[in-house]
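Data from run.txt: compact mmCIF, C-alpha atoms and all ligand atoms
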```
# COMPACT_ATOMS: atom_id res chain seq x y z
CA MET O 14 0.00 0.00 0.00
CA SER O 15 1.43 3.34 -0.90
CA ILE O 16 1.05 6.46 1.18
CA VAL O 17 -0.49 9.37 -0.66
CA ALA O 18 1.16 12.61 0.38
CA PRO O 19 -1.26 15.47 1.11
CA ARG O 20 -1.00 17.72 -1.87
CA GLY O 21 0.59 21.07 -1.37
CA ARG O 22 -1.30 23.93 -2.99
CA LYS O 23 0.36 25.14 -6.16
CA HIS O 24 0.03 28.85 -5.39
CA LEU O 25 -0.62 28.68 -1.67
CA SER O 26 2.28 26.46 -0.58
CA ALA O 27 5.17 27.91 1.41
CA ASP O 28 7.49 27.70 -1.60
CA ALA O 29 5.10 29.57 -3.90
CA LEU O 30 4.38 32.21 -1.23
CA PHE O 31 8.09 32.76 -0.53
CA ARG O 32 8.62 33.36 -4.26
CA LEU O 33 5.75 35.84 -4.26
CA VAL O 34 7.22 37.67 -1.25
CA ARG O 35 10.65 37.81 -2.85
CA SER O 36 9.32 39.21 -6.12
CA GLY O 37 7.38 41.83 -4.14
CA PHE O 38 10.50 42.89 -2.24
CA ALA O 39 12.36 43.22 -5.55
CA THR O 40 10.04 46.08 -6.57
CA ILE O 41 10.82 48.20 -3.47
CA PRO O 42 12.98 51.19 -4.37
CA ASP O 43 16.49 50.96 -2.98
CA ALA O 44 18.00 54.22 -1.77
CA ARG O 45 21.45 52.64 -1.78
CA LEU O 46 21.68 50.93 -5.13
CA SER O 47 25.41 51.33 -4.96
CA ASP O 48 25.74 48.85 -2.07
CA PRO O 49 28.23 46.39 -3.49
CA ASP O 50 27.54 43.56 -1.05
CA ILE O 51 23.90 43.13 -0.22
CA SER O 52 20.84 43.99 -2.27
CA LEU O 53 17.84 45.45 -0.46
CA THR O 54 15.82 42.43 -1.65
CA ASP O 55 18.26 40.08 0.10
CA ALA O 56 18.18 42.18 3.28
CA LEU O 57 14.35 42.20 3.33
CA MET O 58 14.14 38.51 2.48
CA SER O 59 16.65 37.66 5.23
CA ALA O 60 14.56 39.48 7.84
CA PHE O 61 11.46 37.74 6.50
CA ALA O 62 13.24 34.36 6.71
CA MET O 63 14.24 35.13 10.31
CA PHE O 64 10.57 35.61 11.24
CA SER O 65 9.40 32.76 9.05
CA LEU O 66 11.80 30.40 10.87
CA LYS O 67 10.89 32.03 14.24
CA SER O 68 14.53 32.59 14.99
CA PRO O 69 14.70 33.86 18.60
CA SER O 70 17.00 36.75 17.75
CA LEU O 71 18.92 38.34 14.97
CA LEU O 72 22.13 37.08 16.54
CA ALA O 73 20.89 33.48 16.71
CA PHE O 74 19.78 33.73 13.12
CA ASP O 75 23.13 35.14 12.10
CA LYS O 76 25.11 32.48 13.95
CA GLU O 77 23.09 29.47 12.94
CA ARG O 78 22.19 30.50 9.44
CA ALA O 79 22.28 27.74 7.00
CA GLU O 80 23.39 29.66 3.97
CA ASP O 81 22.55 26.98 1.41
CA ASN O 82 18.98 26.53 2.59
CA LEU O 83 18.45 30.28 2.77
CA HIS O 84 19.51 30.33 -0.84
CA THR O 85 17.42 27.40 -2.10
CA ILE O 86 14.30 27.93 0.04
CA TYR O 87 14.14 31.70 0.46
CA GLY O 88 16.01 32.66 -2.70
CA ILE O 89 18.54 34.82 -0.82
CA GLU O 90 21.73 35.34 -2.80
CA HIS O 91 23.89 36.92 -0.11
CA VAL O 92 22.88 36.73 3.54
CA PRO O 93 23.83 39.94 5.36
CA CYS O 94 25.33 39.94 8.87
CA ASP O 95 23.00 41.37 11.52
CA THR O 96 24.55 44.85 11.49
CA HIS O 97 24.33 45.06 7.74
CA MET O 98 20.71 43.89 7.70
CA ARG O 99 19.73 46.60 10.20
CA GLU O 100 21.54 49.29 8.22
CA ARG O 101 19.84 48.30 4.98
CA LEU O 102 16.33 48.09 6.48
CA ASP O 103 16.35 51.23 8.64
CA PRO O 104 15.64 53.67 5.76
CA VAL O 105 12.87 51.52 4.17
CA THR O 106 9.57 53.41 4.11
CA PRO O 107 6.96 51.11 5.71
CA LYS O 108 4.30 51.91 3.10
CA TRP O 109 6.32 50.01 0.49
CA LEU O 110 5.47 46.79 2.29
CA ARG O 111 1.71 47.23 1.73
CA PRO O 112 1.65 45.65 -1.78
CA LEU O 113 3.13 42.45 -0.33
CA PHE O 114 0.10 41.94 1.91
CA LEU O 115 -2.16 42.67 -1.01
CA SER O 116 -0.49 40.20 -3.38
CA ILE O 117 -0.76 37.34 -0.87
CA PHE O 118 -4.37 38.31 -0.22
CA ARG O 119 -5.08 38.20 -3.96
CA GLN O 120 -3.47 34.78 -4.21
CA LEU O 121 -5.64 33.56 -1.35
CA GLN O 122 -8.69 35.01 -3.05
CA ARG O 123 -7.86 33.34 -6.37
CA GLY O 124 -7.26 30.00 -4.63
CA LYS O 125 -10.73 30.22 -2.98
CA GLY O 126 -9.01 30.48 0.41
CA LEU O 127 -11.04 33.54 1.35
CA GLU O 128 -14.46 31.98 0.81
CA PRO O 129 -14.68 30.03 4.09
CA MET O 130 -14.03 33.34 5.91
CA ALA O 131 -17.25 34.95 4.60
CA PHE O 132 -19.40 35.71 7.63
CA LEU O 133 -22.74 37.26 6.73
CA ASP O 134 -24.23 37.56 3.23
CA GLY O 135 -20.76 37.62 1.66
CA HIS O 136 -19.40 40.18 4.16
CA TYR O 137 -16.02 39.66 5.82
CA LEU O 138 -15.46 40.53 9.45
CA VAL O 139 -12.41 42.73 10.00
CA ALA O 140 -11.25 43.11 13.59
CA LEU O 141 -9.15 46.16 14.46
CA ASP O 142 -7.20 46.81 17.62
CA GLY O 143 -4.15 48.72 18.78
CA THR O 144 -1.23 47.01 20.44
CA GLU O 145 2.08 48.10 21.94
CA TYR O 146 5.16 46.06 21.11
CA PHE O 147 8.08 48.16 22.31
CA SER O 148 8.82 50.42 25.25
CA SER O 149 12.10 51.80 26.56
CA LYS O 150 13.56 54.64 28.58
CA GLN O 151 16.77 54.67 26.54
CA ILE O 152 16.39 53.21 23.07
CA HIS O 153 14.48 55.40 20.66
CA CYS O 154 14.17 56.49 17.04
CA ALA O 155 12.57 59.24 14.98
CA SER O 156 9.25 57.41 14.76
CA CYS O 157 8.92 56.53 18.50
CA LEU O 158 5.92 57.80 20.42
CA ARG O 159 6.98 59.67 23.57
CA LYS O 160 5.56 60.02 27.02
CA VAL O 161 7.14 62.74 29.14
CA HIS O 162 6.85 61.97 32.86
CA ARG O 163 6.50 64.52 35.64
CA ASN O 164 10.14 64.14 36.65
CA GLY O 165 11.18 65.00 33.10
CA SER O 166 12.14 61.46 32.07
CA ILE O 167 10.80 60.11 28.79
CA THR O 168 9.37 56.71 27.87
CA TYR O 169 9.68 55.84 24.20
CA TYR O 170 7.27 53.31 22.75
CA HIS O 171 5.83 51.82 19.57
CA GLN O 172 2.25 50.84 18.83
CA MET O 173 0.43 49.68 15.77
CA LEU O 174 -3.14 49.22 14.74
CA GLY O 175 -3.44 45.56 13.83
CA ALA O 176 -6.18 44.26 11.57
CA ALA O 177 -7.26 40.79 10.53
CA ILE O 178 -10.11 39.13 8.73
CA ILE O 179 -11.65 36.76 11.24
CA HIS O 180 -14.51 34.28 11.43
CA PRO O 181 -16.15 32.93 14.61
CA ASP O 182 -15.76 29.31 13.42
CA MET O 183 -12.27 29.55 11.97
CA ARG O 184 -9.04 29.28 13.92
CA ALA O 185 -6.97 30.97 11.20
CA VAL O 186 -7.05 34.73 10.73
CA ILE O 187 -5.93 36.72 7.69
CA PRO O 188 -3.82 39.64 8.90
CA LEU O 189 -3.92 42.79 6.78
CA MET O 190 -1.19 45.42 6.49
CA PRO O 191 -1.10 46.98 9.98
CA GLU O 192 -1.18 50.75 10.38
CA PRO O 193 1.85 51.95 12.35
CA ILE O 194 1.06 54.45 15.11
CA VAL O 195 4.17 56.59 14.83
CA ASN O 196 5.39 60.08 15.38
CA GLN O 197 4.60 61.88 12.14
CA ASP O 198 7.23 64.23 10.72
CA GLY O 199 7.01 67.62 12.35
CA ALA O 200 3.96 66.75 14.47
CA ARG O 201 4.06 68.10 18.02
CA LYS O 202 1.45 65.70 19.32
CA ASN O 203 1.75 61.92 19.41
CA ASP O 204 -0.09 59.97 16.76
CA CYS O 205 -2.94 57.92 18.24
CA GLU O 206 -5.05 54.86 17.59
CA ARG O 207 -8.00 56.94 16.46
CA ASN O 208 -5.99 58.68 13.71
CA ALA O 209 -4.41 55.38 12.71
CA ALA O 210 -7.89 53.85 12.37
CA LYS O 211 -8.93 56.71 10.11
CA ARG O 212 -5.92 56.12 7.85
CA PHE O 213 -6.45 52.37 8.00
CA VAL O 214 -10.05 52.33 6.78
CA ALA O 215 -9.30 54.70 3.89
CA LYS O 216 -6.48 52.38 2.72
CA LEU O 217 -8.61 49.27 3.28
CA ARG O 218 -11.21 50.68 0.92
CA GLN O 219 -8.54 51.67 -1.59
CA ASP O 220 -7.03 48.17 -1.56
CA HIS O 221 -10.39 46.38 -1.76
CA PRO O 222 -12.91 48.68 -3.43
CA HIS O 223 -15.47 45.91 -4.00
CA LEU O 224 -15.24 43.67 -0.95
CA LYS O 225 -18.00 43.84 1.65
CA PHE O 226 -16.69 44.34 5.18
CA ILE O 227 -18.04 44.49 8.72
CA VAL O 228 -15.58 46.20 11.06
CA THR O 229 -15.57 44.99 14.65
CA GLU O 230 -13.80 46.86 17.45
CA ASP O 231 -13.88 47.45 21.18
CA SER O 232 -15.87 50.18 22.93
CA LEU O 233 -13.17 52.86 22.47
CA SER O 234 -14.15 52.96 18.81
CA SER O 235 -17.85 53.63 19.45
CA ASN O 236 -17.72 57.36 18.88
CA ALA O 237 -19.53 59.53 16.35
CA PRO O 238 -16.50 60.63 14.24
CA HIS O 239 -15.30 57.04 13.80
CA ILE O 240 -18.75 55.76 12.88
CA GLU O 241 -18.97 58.56 10.32
CA THR O 242 -15.60 57.50 8.87
CA LEU O 243 -16.80 53.90 8.58
CA HIS O 244 -19.98 55.07 6.93
CA THR O 245 -18.09 57.29 4.45
CA HIS O 246 -16.09 54.28 3.29
CA GLY O 247 -19.08 51.98 2.97
CA LEU O 248 -18.10 49.77 5.90
CA HIS O 249 -20.59 48.08 8.21
CA TYR O 250 -19.79 47.76 11.90
CA ILE O 251 -20.38 45.86 15.12
CA LEU O 252 -18.72 47.90 17.89
CA GLY O 253 -18.59 47.28 21.63
CA VAL O 254 -20.26 49.77 23.98
CA LYS O 255 -20.00 50.13 27.76
CA GLU O 256 -22.53 51.64 30.12
CA GLY O 257 -19.79 53.67 31.85
CA ASP O 258 -18.57 55.24 28.58
CA HIS O 259 -21.92 55.53 26.79
CA ALA O 260 -24.24 56.72 29.56
CA SER O 261 -26.60 58.62 27.26
CA LEU O 262 -27.04 55.62 24.94
CA PHE O 263 -27.94 53.33 27.85
CA GLU O 264 -30.40 55.96 29.15
CA GLN O 265 -32.06 56.02 25.73
CA VAL O 266 -32.30 52.22 25.77
CA GLN O 267 -33.84 52.36 29.25
CA ALA O 268 -36.38 54.93 28.05
CA ALA O 269 -37.19 52.71 25.05
CA GLU O 270 -37.60 49.80 27.48
CA HIS O 271 -40.20 51.75 29.50
CA ALA O 272 -41.98 52.68 26.28
CA GLY O 273 -42.17 48.99 25.31
CA LEU O 274 -39.96 49.45 22.25
CA VAL O 275 -37.23 46.97 23.22
CA THR O 276 -37.38 43.39 21.94
CA HIS O 277 -36.41 40.52 24.24
CA TYR O 278 -35.35 37.19 22.85
CA GLU O 279 -33.96 33.94 24.29
CA ARG O 280 -32.41 30.90 22.76
CA HIS O 281 -31.69 27.71 24.73
CA ASP O 282 -28.77 25.50 23.90
CA ARG O 283 -29.48 22.41 26.00
CA ALA O 284 -26.49 20.45 24.69
CA ALA O 285 -24.07 23.15 25.88
CA GLY O 286 -26.13 23.98 28.99
CA LEU O 287 -26.38 27.64 27.96
CA VAL O 288 -29.10 30.23 27.67
CA HIS O 289 -28.48 33.06 25.18
CA ARG O 290 -30.50 36.07 26.30
CA PHE O 291 -30.83 39.20 24.17
CA ARG O 292 -32.50 42.55 24.23
CA PHE O 293 -32.24 44.98 21.34
CA VAL O 294 -33.65 48.20 19.97
CA ASN O 295 -33.07 49.91 16.62
CA ASP O 296 -32.54 53.61 15.87
CA VAL O 297 -31.23 55.11 19.06
CA PRO O 298 -28.89 58.13 19.18
CA LEU O 299 -25.30 57.15 20.08
CA ASN O 300 -24.85 60.14 22.33
CA ALA O 301 -26.61 63.29 23.46
CA SER O 302 -24.47 65.77 21.53
CA ARG O 303 -24.73 63.97 18.20
CA ALA O 304 -28.37 63.00 17.90
CA ASP O 305 -27.87 62.66 14.13
CA ILE O 306 -25.81 59.48 14.55
CA CYS O 307 -28.32 56.72 15.20
CA VAL O 308 -27.29 53.16 15.90
CA ASN O 309 -28.93 49.82 16.55
CA PHE O 310 -28.24 48.52 20.03
CA MET O 311 -28.01 44.91 21.25
CA GLU O 312 -27.23 43.53 24.67
CA TYR O 313 -26.44 39.90 25.37
CA TRP O 314 -26.10 37.56 28.34
CA GLU O 315 -24.61 34.11 27.99
CA ILE O 316 -25.97 32.26 30.99
CA GLY O 317 -24.23 29.03 31.97
CA ALA O 318 -24.52 26.89 35.09
CA ALA O 319 -21.49 28.50 36.72
CA LYS O 320 -21.18 31.94 35.18
CA VAL O 321 -22.88 34.69 33.25
CA GLN O 322 -21.08 36.67 30.55
CA HIS O 323 -22.44 40.01 29.45
CA PHE O 324 -21.74 42.09 26.30
CA SER O 325 -23.28 45.05 24.46
CA TRP O 326 -22.72 46.34 20.96
CA VAL O 327 -23.97 48.89 18.47
CA THR O 328 -24.29 48.09 14.79
CA ASP O 329 -25.63 49.57 11.58
CA PHE O 330 -27.40 46.29 10.71
CA ARG O 331 -31.06 46.44 11.63
CA VAL O 332 -31.29 43.95 14.49
CA SER O 333 -34.06 41.37 14.45
CA LYS O 334 -34.77 38.01 16.10
CA ARG O 335 -33.57 36.47 12.85
CA ASN O 336 -30.05 37.94 12.87
CA VAL O 337 -29.29 38.87 16.49
CA PHE O 338 -27.59 35.54 17.30
CA HIS O 339 -25.35 35.82 14.26
CA LEU O 340 -24.48 39.47 14.93
CA MET O 341 -23.57 38.55 18.51
CA ARG O 342 -21.16 35.91 17.24
CA GLY O 343 -19.55 38.53 15.00
CA GLY O 344 -19.15 40.92 17.93
CA ARG O 345 -17.70 38.23 20.17
CA ALA O 346 -15.24 37.07 17.48
CA ARG O 347 -13.42 40.39 17.97
CA TRP O 348 -11.27 38.74 20.66
CA LYS O 349 -9.49 36.89 17.84
CA ILE O 350 -7.48 40.02 17.05
CA GLU O 351 -6.15 39.90 20.61
CA ASN O 352 -5.96 36.18 21.14
CA GLU O 353 -5.31 34.57 17.76
CA THR O 354 -3.24 37.49 16.45
CA PHE O 355 -1.38 39.59 19.05
CA ASN O 356 -1.05 36.83 21.65
CA THR O 357 0.10 34.36 19.00
CA LEU O 358 2.72 36.86 17.84
CA LYS O 359 3.80 37.57 21.41
CA ASN O 360 3.77 34.03 22.83
CA GLN O 361 3.77 31.42 20.08
CA GLY O 362 7.30 31.66 18.79
CA TYR O 363 7.21 34.94 16.86
CA ASN O 364 8.72 37.11 19.66
CA PHE O 365 6.67 40.19 18.75
CA GLU O 366 7.94 42.15 21.76
CA HIS O 367 11.57 41.23 21.27
CA ASN O 368 13.79 44.05 20.08
CA TYR O 369 15.46 42.71 16.92
CA GLY O 370 17.07 46.09 16.45
CA HIS O 371 15.59 49.56 16.71
CA GLY O 372 17.41 51.75 14.19
CA GLN O 373 17.16 55.51 13.90
CA GLN O 374 14.37 55.88 11.38
CA ASN O 375 12.03 52.99 10.53
CA LEU O 376 13.76 49.75 11.50
CA SER O 377 11.51 48.92 14.46
CA VAL O 378 8.38 49.49 12.36
CA VAL O 379 9.78 47.59 9.35
CA PHE O 380 10.63 44.56 11.53
CA ALA O 381 7.12 44.56 13.09
CA ILE O 382 5.48 44.67 9.65
CA LEU O 383 7.75 41.95 8.25
CA MET O 384 6.85 39.75 11.21
CA MET O 385 3.16 40.33 10.44
CA LEU O 386 3.90 39.38 6.82
CA ALA O 387 5.55 36.11 7.92
CA PHE O 388 2.47 35.49 10.09
CA LEU O 389 0.23 36.09 7.06
CA VAL O 390 2.19 33.53 5.04
CA ASP O 391 1.86 31.00 7.89
CA GLN O 392 -1.85 31.67 8.30
CA THR O 393 -2.38 31.31 4.54
CA GLN O 394 -0.83 27.85 4.70
CA GLN O 395 -2.83 26.99 7.80
CA LEU O 396 -5.99 27.97 5.96
CA SER O 397 -5.28 26.44 2.55
CA CYS O 398 -2.35 24.04 2.40
CA PRO O 399 -3.21 20.38 3.25
CA LEU O 400 0.48 19.46 3.65
CA PHE O 401 1.01 22.18 6.28
CA GLN O 402 -2.25 21.19 8.00
CA ALA O 403 -1.19 17.52 8.14
CA VAL O 404 2.20 18.36 9.69
CA TRP O 405 0.61 20.67 12.26
CA ALA O 406 -1.97 18.00 13.17
CA LYS O 407 0.77 15.39 13.55
CA LEU O 408 2.97 17.52 15.81
CA GLY O 409 0.06 18.92 17.79
CA SER O 410 1.43 22.40 18.50
CA LYS O 411 2.86 25.32 16.61
CA ARG O 412 5.75 25.60 19.03
CA LEU O 413 6.85 22.04 18.27
CA LEU O 414 6.27 22.60 14.57
CA TRP O 415 8.56 25.67 14.50
CA GLU O 416 11.17 23.89 16.61
CA ARG O 417 11.31 20.83 14.34
CA MET O 418 11.25 23.00 11.26
CA ARG O 419 14.28 24.98 12.47
CA ALA O 420 16.18 21.85 13.47
CA LEU O 421 15.82 20.34 9.99
CA PHE O 422 16.53 23.67 8.33
CA TYR O 423 19.85 24.04 10.13
CA ASP O 424 20.96 20.42 9.83
CA TYR O 425 20.05 19.22 6.35
CA ALA O 426 20.52 20.50 2.85
CA LEU O 427 16.98 20.93 1.53
CA ALA O 428 15.59 21.59 -1.91
CA SER O 429 12.31 23.18 -0.81
CA MET O 430 9.97 23.87 2.08
CA ARG O 431 7.82 21.08 0.70
CA GLN O 432 10.66 18.62 1.24
CA LEU O 433 11.06 19.89 4.79
CA LEU O 434 7.33 19.54 5.57
CA GLU O 435 7.24 16.05 4.03
CA ALA O 436 10.22 15.05 6.15
CA LEU O 437 8.34 16.25 9.24
CA LEU O 438 5.26 14.30 8.21
CA TYR O 439 6.85 10.98 7.22
CA GLY O 440 10.07 11.08 9.21
CA TRP O 441 13.47 11.78 7.89
CA GLN O 442 15.41 8.91 6.40
CA LYS O 443 18.83 9.35 7.85
CA PRO O 444 21.50 8.88 5.19
CA GLN O 445 23.40 5.62 5.66
CA PRO O 446 27.10 6.06 6.27
CA ILE O 447 29.05 5.00 3.22
CA VAL O 448 31.74 2.62 4.31
CA ALA O 449 34.44 1.99 1.81
CA PHE O 450 36.08 -1.44 1.95
CA ASP O 451 39.50 -1.96 0.68
CA SER O 452 39.05 -5.15 -1.31
CA SER O 453 42.48 -5.33 -2.76
ZN ZN O 501 11.37 54.02 17.88
```
Structure translated into structure tokens:
Amino acid sequence: MSIVAPRGRKHLSADALFRLVRSGFATIPDARLSDPDISLTDALMSAFAMFSLKSPSLLAFDKERAEDNLHTIYGIEHVPCDTHMRERLDPVTPKWLRPLFLSIFRQLQRGKGLEPMAFLDGHYLVALDGTEYFSSKQIHCASCLRKVHRNGSITYYHQMLGAAIIHPDMRAVIPLMPEPIVNQDGARKNDCERNAAKRFVAKLRQDHPHLKFIVTEDSLSSNAPHIETLHTHGLHYILGVKEGDHASLFEQVQAAEHAGLVTHYERHDRAAGLVHRFRFVNDVPLNASRADICVNFMEYWEIGAAKVQHFSWVTDFRVSKRNVFHLMRGGRARWKIENETFNTLKNQGYNFEHNYGHGQQNLSVVFAILMMLAFLVDQTQQLSCPLFQAVWAKLGSKRLLWERMRALFYDYALASMRQLLEALLYGWQKPQPIVAFDSS
């Protein structure tokens, strides 16, 4: 009986995606074309390979690098030393990395990898959230955000607005190009998440003029200007709200309750031992000062034997008994941007908060975006490549998968990532020592 290897996906396998990434890097303008040693493409690809292999640090990567495999698998001609890589990447303008995210997204779309992520009538849920990945009292660069303390000392830090297409039933997420929250040239005030979100949604619409999106965010985003921005760009929303932050809204809901305008609805899930309790009302003003911005409000209690969980959201979808359960699942899926995205990057081998090098201009931001790109390539395989899925299922954890992957990468001469994944799936046949006998 022969074993049939799970087929890799022609355009969605690691090897095909690495080629796509490399060709994208090759189009980025190089300010130092005269560099005789290392091309910008090689420097970018080396950093990408470092994150793709989940190398714990630039130094470890530099020391252990397996030059031949970096050449055959990642297409790197000359691998730079760590200092050289930092120097080459520091001046790269982060916006040049945007087309890379788009080209992988397009590939995923063409390979029907996006379809299982559709959430509601062909709409995709996009979760947005800010995260901090660097903070220091000493190390800083031109794009650092700054906090001046009362004693005059300064904390420098970096944040970004992360975004990913998510689905309540899917483990994989599809990260989009994050929006760096950085000190803008000449600005006296720090950039902030709200401004970054404004830039993000405009670019999202530019990149995907025809896709239908539902944006889901936490309660900080439930403010009139942001809802107007979403509306301007034709984006639907399910946004968290909190009684403490949205007092006027909750008063309006209470008034509607007294007037008998609020709908109550319950669904029992006996198998799970849960009661899903809802109340909702459409067309209520978000706040007292902006009565022109009306939203649809829904509140939800998940009642189990041991605990009760409580959430509230506003949305532009008209809420009814028919769709309230589904909308609730969309609102609750928002945690995937924290859990399946940021926490994975911070704790599952990617070392998001590790300082791989800070630079003076953009290095810290460029590294963070390249790590997100490596994560996108991994998630694309997780979503669409049966070979990757089979290896992951066999090893049981991502941590073990990355560890085994690195061990093979450093120890064996490999022709492709496919060969590496097949070796992990079927076991590696150790080469037999060749013993020469002198038969004379
Ligand atoms: Zn900085």
For this session: Could you check how far atom CA of O:Val337 sits from atom CA of O:Phe291, in Å to one decimal?
Result: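 We find that atom CA of O:Val337 and atom CA of O:Phe291 lie 7.8 Å from each other.
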Problem set entry | Nearby residues (all atoms listed in the file) at most 10 Å from O:Asn208, same-chain spacing under 2 positions excluded, as an NGL selection string | :O and (174 or 192 or 194 or 204-206 or 210-213 or 239)
Keeping only C-alpha atoms, write the selected residues to a file as a PDB file, in the frame of the given file.
```pdb
ATOM      1  CA  LEU O 174      -3.140  49.220  14.740  1.00  0.00           C
ATOM      2  CA  GLU O 192      -1.180  50.750  10.380  1.00  0.00           C
ATOM      3  CA  ILE O 194       1.060  54.450  15.110  1.00  0.00           C
ATOM      4  CA  ASP O 204      -0.090  59.970  16.760  1.00  0.00           C
ATOM      5  CA  CYS O 205      -2.940  57.920  18.240  1.00  0.00           C
ATOM      6  CA  GLU O 206      -5.050  54.860  17.590  1.00  0.00           C
ATOM      7  CA  ALA O 210      -7.890  53.850  12.370  1.00  0.00           C
ATOM      8  CA  LYS O 211      -8.930  56.710  10.110  1.00  0.00           C
ATOM      9  CA  ARG O 212      -5.920  56.120   7.850  1.00  0.00           C
ATOM     10  CA  PHE O 213      -6.450  52.370   8.000  1.00  0.00           C
ATOM     11  CA  HIS O 239     -15.300  57.040  13.800  1.00  0.00           C
TER      12      HIS O 239
END
```
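The contact shell of ligand ZN 501 (chain O), defined as all polymer residues within 7 Å when all atoms listed in the file are used, comprises His153, Cys154, Ala155, Ser156, Cys157, Tyr169, Tyr170, His171, His371 and Ser377 of chain O.
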Mind running stretch 103-183 of chain O against stretch 252-268 of chain O at 12 Å and telling me each contacting residue's nearest atom pair with the distance in Å (one decimal), counting all atoms listed in the file, chain and number ascending, as a tab-separated table?
```
residue	atom	partner	partner_atom	distance
O:Leu138	CA	O:Leu252	CA	11.7
O:Val139	CA	O:Leu252	CA	11.3
O:Ala140	CA	O:Leu252	CA	9.9
O:Leu141	CA	O:Leu252	CA	10.3
O:Asp142	CA	O:Leu252	CA	11.6
```
Exercise. O:Leu30, O:Leu110, O:Leu224, O:Leu358: which is nearest O:Phe64, counting all atoms listed in the file?
Worked result: O:Leu358
Exercise. Stretch 21-26 of chain O: which residues within 8 Å, counting all atoms listed in the file, same-chain residues fewer than 3 positions away excluded, as JSON, numbers by chain?
Worked result: {"O": [29, 30, 120, 121, 124, 393, 394, 397, 398, 399, 400, 401, 431]}
For this session: Between O:Gln374, O:Gln432, O:Ser166, O:Gln395, single out the one closest to O:Asp103, counting all atoms listed in the file.
Result: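 Residue with the minimum atom-to-atom distance to O:Asp103: O:Gln374.
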Produce a table with one row for each residue of stretch 97-194 of chain O that has an atom at most 8 Å from any atom of stretch 31-37 of chain O, each row naming the nearest atom pair and its distance in Å at one decimal; use all atoms listed in the file; arrange rows by chain and rising residue number; format as JSON lines.
```
{"residue": "O:Pro112", "atom": "CA", "partner": "O:Gly37", "partner_atom": "CA", "distance": 7.3}
{"residue": "O:Leu113", "atom": "CA", "partner": "O:Gly37", "partner_atom": "CA", "distance": 5.7}
{"residue": "O:Ser116", "atom": "CA", "partner": "O:Leu33", "partner_atom": "CA", "distance": 7.7}
{"residue": "O:Ile117", "atom": "CA", "partner": "O:Leu33", "partner_atom": "CA", "distance": 7.5}
```
For this session: In the coordinates of the file, take the point (-21.9, 36.0, 15.7) and a cut-off of 12 Å; then, counting only C-alpha atoms, name each qualifying protein, DNA or RNA residue as a count of residues only.
Result: 25
Exercise. In terms of the shortest atom-to-atom distance over all atoms listed in the file, which of O:Val308, O:Ala27, O:Leu408, O:Cys94 is closest to O:Ile51?
Worked result: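 For O:Ile51, the nearest of the given residues is O:Cys94.
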Leaving out O:Arg45 and any residue of its chain fewer than 5 positions from it, which residues lie within 9 Å of it when counting all atoms listed in the file, given as a PDB file with C-alpha atoms, in the frame of the given file?
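Generated file (selection.pdb):
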```pdb
ATOM      1  CA  SER O  52      20.840  43.990  -2.270  1.00  0.00           C
ATOM      2  CA  LEU O  53      17.840  45.450  -0.460  1.00  0.00           C
ATOM      3  CA  ARG O 101      19.840  48.300   4.980  1.00  0.00           C
TER       4      ARG O 101
END
```
Problem set entry | Separation of atom CA of O:Ser235 from atom CA of O:His223 in Å |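 Taking atom CA of O:His223 as the start and atom CA of O:Ser235 as the end point, the length is 24.8 Å.
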Problem set entry | Separation of atom CA of O:Gln373 from atom CA of O:Phe355, in Å and rounded to one decimal | 25.0 Å
Show me, as an mmCIF file with C-alpha atoms, in the coordinates of the input, the residues that have an atom within 10 Å of stretch 409-411 of chain O when counting only C-alpha atoms, minus same-chain residues fewer than 6 positions from it.
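Wrote it out as around-v1.cif, contents follow:
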```cif
data_model
loop_
_atom_site.group_PDB
_atom_site.id
_atom_site.type_symbol
_atom_site.label_atom_id
_atom_site.label_comp_id
_atom_site.auth_asym_id
_atom_site.auth_seq_id
_atom_site.Cartn_x
_atom_site.Cartn_y
_atom_site.Cartn_z
ATOM 1 C CA THR O 357 0.100 34.360 19.000
ATOM 2 C CA GLN O 361 3.770 31.420 20.080
ATOM 3 C CA GLY O 362 7.300 31.660 18.790
ATOM 4 C CA ALA O 403 -1.190 17.520 8.140
ATOM 5 C CA ARG O 417 11.310 20.830 14.340
#
```
Exercise. Any idea what's packed within 10 Å of O:Asp220, counting only C-alpha atoms, ignoring anything in its chain fewer than 6 positions away? Could you give it as a list in words?
Worked result: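 Within the cut-off, the hits are Arg111, Pro112, Leu115 and Val214 of chain O.
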For stretch 227-234 of chain O, I'd like the enclosing box, axis-aligned and padded by 3 Å on every side, reported as AutoDock Vina command-line options with centre and edge lengths in Å to one decimal.
```
--center_x -15.6 --center_y 48.7 --center_z 15.8 --size_x 10.9 --size_y 14.5 --size_z 20.2
```
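Minimum atom-to-atom distances from O:Met385, O:Met311, O:Leu437, O:Val288 to O:Phe422 were compared using all atoms listed in the file, and the lowest value belongs to O:Leu437.
Of the listed residues (O:Leu287, O:Leu274, O:Leu414, O:Ile187), O:Leu287 comes nearest to O:Ile316; the distances count only C-alpha atoms.
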